[in-house]
$ cat query.csv   # CSV, C-alpha atoms
chain,number,residue,atom,x,y,z
A,1,MET,CA,64.0,101.5,32.1
A,2,GLU,CA,67.2,99.4,32.2
A,3,ILE,CA,66.7,95.7,32.7
A,4,ASP,CA,69.5,93.4,33.8
A,5,ILE,CA,68.7,90.3,31.7
A,6,LYS,CA,71.8,88.5,33.1
A,7,ARG,CA,70.5,88.9,36.7
A,8,LEU,CA,67.0,87.9,35.7
A,9,ALA,CA,68.3,84.8,33.9
A,10,LYS,CA,70.4,83.9,36.9
A,11,LEU,CA,67.5,84.3,39.3
A,12,ALA,CA,65.3,82.2,37.0
A,13,LYS,CA,68.1,79.7,36.5
A,14,LEU,CA,68.0,80.2,32.8
A,15,SER,CA,70.9,79.9,30.4
A,16,ILE,CA,70.7,82.6,27.8
A,17,PRO,CA,73.4,82.9,25.1
A,18,GLU,CA,75.3,86.2,25.1
A,19,GLU,CA,74.2,87.0,21.5
A,20,LYS,CA,70.5,86.7,22.6
A,21,MET,CA,70.8,89.0,25.6
A,22,GLU,CA,69.9,92.2,23.7
A,23,GLU,CA,66.9,90.5,22.1
A,24,PHE,CA,65.6,89.3,25.5
A,25,ARG,CA,66.2,92.8,27.0
A,26,LYS,CA,64.2,94.4,24.3
A,27,LYS,CA,61.3,91.9,24.6
A,28,MET,CA,61.2,92.4,28.4
A,29,GLU,CA,61.1,96.2,28.0
A,30,ASP,CA,58.3,95.8,25.5
A,31,ILE,CA,56.3,93.6,28.0
A,32,ILE,CA,56.9,96.1,30.8
A,33,GLN,CA,55.8,99.0,28.6
A,34,MET,CA,52.7,97.2,27.6
A,35,VAL,CA,51.7,96.5,31.2
A,36,GLU,CA,52.4,100.1,32.2
A,37,ASN,CA,50.0,101.2,29.5
A,38,LEU,CA,47.1,99.0,30.5
A,39,PRO,CA,44.0,101.1,31.4
A,40,ASP,CA,42.8,101.2,35.0
A,41,LEU,CA,39.8,98.9,35.6
A,42,ASP,CA,36.5,100.3,36.4
A,43,THR,CA,35.3,98.5,39.5
A,44,GLU,CA,31.8,100.1,39.5
A,45,GLY,CA,29.2,97.4,39.2
A,46,SER,CA,31.7,94.6,39.7
A,47,LEU,CA,30.6,91.4,41.3
A,48,VAL,CA,33.1,91.8,44.2
A,49,ASP,CA,31.7,93.7,47.1
A,50,PRO,CA,34.6,95.2,49.2
A,51,THR,CA,32.2,95.7,52.2
A,52,ASP,CA,31.2,92.1,52.3
A,53,THR,CA,33.2,90.3,55.1
A,54,MET,CA,32.5,86.9,53.6
A,55,GLU,CA,31.7,85.1,56.9
A,56,LEU,CA,32.6,81.5,56.8
A,57,ARG,CA,30.3,78.7,57.9
A,58,LYS,CA,31.0,77.0,61.2
A,59,ASP,CA,33.3,74.0,61.0
A,60,GLU,CA,31.0,71.2,62.3
A,61,VAL,CA,31.7,67.4,62.2
A,62,GLN,CA,29.2,65.7,59.9
A,63,PRO,CA,28.7,62.0,59.1
A,64,SER,CA,30.7,61.0,56.0
A,65,PHE,CA,30.9,58.0,53.7
A,66,PRO,CA,31.5,54.8,55.6
A,67,ARG,CA,35.1,53.7,55.3
A,68,ASP,CA,34.3,50.0,54.7
A,69,GLU,CA,32.0,50.8,51.8
A,70,MET,CA,34.5,53.2,50.3
A,71,LEU,CA,37.3,50.7,50.5
A,72,MET,CA,35.2,48.0,48.8
A,73,ASN,CA,35.3,50.1,45.6
A,74,ALA,CA,39.1,50.6,45.6
A,75,PRO,CA,41.2,48.1,43.6
A,76,TYR,CA,44.0,48.0,46.1
A,77,THR,CA,43.9,48.7,49.9
A,78,ALA,CA,46.2,48.3,52.9
A,79,ALA,CA,45.7,49.2,56.6
A,80,GLY,CA,42.4,50.9,55.9
A,81,CYS,CA,43.9,53.1,53.1
A,82,ILE,CA,43.5,53.2,49.3
A,83,LEU,CA,46.7,52.3,47.5
A,84,ILE,CA,47.5,54.1,44.3
A,85,PRO,CA,50.3,53.4,41.7
A,86,LYS,CA,53.6,55.3,42.1
A,87,VAL,CA,53.7,58.2,39.7
A,88,VAL,CA,56.9,60.0,40.7
A,89,ASP,CA,60.4,58.4,41.1
$ encode --input "query.csv" --output "C-alpha cells"
Amino acid sequence: MEIDIKRLAKLAKLSIPEEKMEEFRKKMEDIIQMVENLPDLDTEGSLVDPTDTMELRKDEVQPSFPRDEMLMNAPYTAAGCILIPKVVD
C-alpha cells in the first residue's frame, strides 16, 4: 500500500521536513498493517443486544431547583444568571 505522506500532512496541516517523509511513510504503513491484522471480535455474549431498540423515556417537564436558591450560592450573578471568569481570549 502506497501512502502519500505529503498529502496527509497537508490535510492535517502538519509541517514535516523532507528528510523525515520516508520515516513517517514507513511508520504509517506499519500502523495500517497492524490494524489490518487485528482479529475479528467475537460478539457472542457481549453486553450489547442488537435487537434491543433502546426506547427512550418520555420528555416530561419536572420541577427543578429554585433559581433564587441556586443564585444565592453563586459568587457572581447578573440578570438571573451565574457569571464565571473569562477563560478564553
$ residues_around --input "query.csv" --residues "Met21 of chain A" --least-positions-apart "4" --cutoff "8 Å" --atoms "only C-alpha atoms" --output "compact mmCIF listing (two decimals) with C-alpha atoms, keeping the file's coordinate frame"
# COMPACT_ATOMS: atom_id res chain seq x y z
CA ILE A 5 68.70 90.30 31.70
CA LYS A 6 71.80 88.50 33.10
CA ILE A 16 70.70 82.60 27.80
CA PRO A 17 73.40 82.90 25.10
CA ARG A 25 66.20 92.80 27.00
$ residues_around --input "query.csv" --residues "Asn73 of chain A" --least-positions-apart "6" --cutoff "12 Å" --atoms "only C-alpha atoms" --output "list in words"
Pro66, Arg67, Cys81, Ile82 and Leu83 of chain A
$ residues_around --input "query.csv" --residues "segment 7-10 of chain A" --least-positions-apart "3" --cutoff "12 Å" --atoms "all atoms listed in the file" --output "list in words"
Glu2, Ile3, Asp4, Lys13, Leu14, Ser15, Ile16, Pro17, Glu18, Lys20, Met21, Phe24, Arg25 and Met28 of chain A
